[in-house]
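Here is the structure we will look at.
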Amino acid sequence: MPDVALIGEKSFLYEKLFGEAGADCFYIKPELLGSPYLPRFKLLMVPTGFANPQYSRVLPALRRCREGLARFIEGGGVLMAFGPHVAEHDYDWLCLSMGYTADYGSAQALSVLEDDPLCCFPTIGDCDGYLHPGKGFRALIEDSQGRPVLAVAEHGEGLVVITSIHEFPPAEMIRRALARGKLASF
């Protein structure tokens with residue numbers, strides 16, 4: 001069984017990242033998301049730009065599979081989503097309340113708020129915006145203006161990780177998310 005499912009197309013950059021993390025990954029085309037024939041996996045990654053129709057066809061699939069995504073998380077899966085690459089987004093496809101505002105910033109100093117295993121991004125990096133975490137979320141990393149850029153929430157047996165850090169996650173973060181996740185399905 002694969003460890004990670006990434007919504008989108010296969011890319012050498014992702015292959016390298018998952019190889020460094022020692023994770024087996026498969027790619028899901030947006031139109032196949034939620035199919036009953038998908039294998040179980042621990043981590044579902046929603047890449048940067050998922051809500052921008054110029055770059056991606058992912059958002060309609062996420063909205064169509066809202067209940068299945070909730071089951072995946074409740075069953076122990078980890079959902080990790082990156083910036084939507086639109087001016088504002090309300091994550092209406094997610095089982096928890098979250099908002100996002102675009103405000104690209106280069107080389108911002110990032111502050112780690114809690115000692116959490118998922119806080120392994122470098123302390124300087126680009127962010128494509130900031131988050132408005134709803135009830136149940138904990139902000140783990142803030143930008144230099146004190147705005148959340150990485151937040152997590154437990155839901156059922158699983159975990160939701162939302163970030164606007166505009167970098168590939170470190171391989172260590174993938175390993176830690178996989179250690180936290182359980183094989184789950186839609």
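Following the order of the structure tokens, first chain is A, next is B, and so on, with residues numbered from 1 inside each chain and ligands from 1 in the order they appear.
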Could you give me, as a PDB file with C-alpha atoms, in the first residue's frame, the residues within 9 Å of Ser97 (chain A), counting only C-alpha atoms and dropping anything in the same chain fewer than 2 positions from it?
ATOM      1  CA  ASP A  90     -12.597  29.620   2.843  1.00  0.00           C
ATOM      2  CA  TYR A  91     -11.773  25.886   2.648  1.00  0.00           C
ATOM      3  CA  ASP A  92     -15.468  25.066   2.223  1.00  0.00           C
ATOM      4  CA  LEU A  94     -12.835  20.885   4.678  1.00  0.00           C
ATOM      5  CA  CYS A  95     -14.602  19.405   7.711  1.00  0.00           C
ATOM      6  CA  GLY A  99      -9.664  30.801   5.948  1.00  0.00           C
ATOM      7  CA  HIS A 132      -7.462  32.361   9.626  1.00  0.00           C
ATOM      8  CA  PRO A 133      -7.710  29.176  11.708  1.00  0.00           C
ATOM      9  CA  GLY A 134     -11.144  28.276  13.020  1.00  0.00           C
ATOM     10  CA  LYS A 135     -12.167  26.351  16.113  1.00  0.00           C
ATOM     11  CA  GLY A 136     -10.035  23.281  16.768  1.00  0.00           C
ATOM     12  CA  PHE A 137      -6.934  24.549  14.970  1.00  0.00           C
TER      13      PHE A 137
END
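Every protein, DNA or RNA residue with an atom at most 8 Å from region 48-53 of chain A, where only C-alpha atoms count and chain neighbours fewer than 3 positions away do not, is listed here: Ser56, Arg57, Val58, Leu59, Ala81, Phe82, Gly83, Pro84, His85, Val86, His89 and His166 of chain A.
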Just-selected residues, C-alpha atoms written as a PDB file, in the first residue's frame:
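Okay, part-v5.pdb is ready:
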ATOM      1  CA  SER A  56      -5.349  23.249 -11.195  1.00  0.00           C
ATOM      2  CA  ARG A  57      -8.590  21.274 -11.457  1.00  0.00           C
ATOM      3  CA  VAL A  58      -8.381  20.156  -7.826  1.00  0.00           C
ATOM      4  CA  LEU A  59     -10.892  22.425  -6.044  1.00  0.00           C
ATOM      5  CA  ALA A  81      -2.878  21.273   2.240  1.00  0.00           C
ATOM      6  CA  PHE A  82      -0.744  24.122   0.939  1.00  0.00           C
ATOM      7  CA  GLY A  83      -1.703  27.612  -0.266  1.00  0.00           C
ATOM      8  CA  PRO A  84      -4.666  27.861  -2.661  1.00  0.00           C
ATOM      9  CA  HIS A  85      -3.022  30.576  -4.845  1.00  0.00           C
ATOM     10  CA  VAL A  86      -6.107  32.804  -4.953  1.00  0.00           C
ATOM     11  CA  HIS A  89     -10.219  31.043   0.231  1.00  0.00           C
ATOM     12  CA  HIS A 166       5.521  28.367  -0.106  1.00  0.00           C
TER      13      HIS A 166
END
Near region 153-162 of chain A, within 10 Å and counting only C-alpha atoms, which residues show up once chain neighbours fewer than 3 positions away are dropped, as a ChimeraX atom specification? /A:42-46,70-83,94-96,98-100,118,131,133-140,148-150,165,177,180-182,184
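Here CA of Cys25 (chain A) and CA of Ile141 (chain A) stand 26.4 Å from one another.
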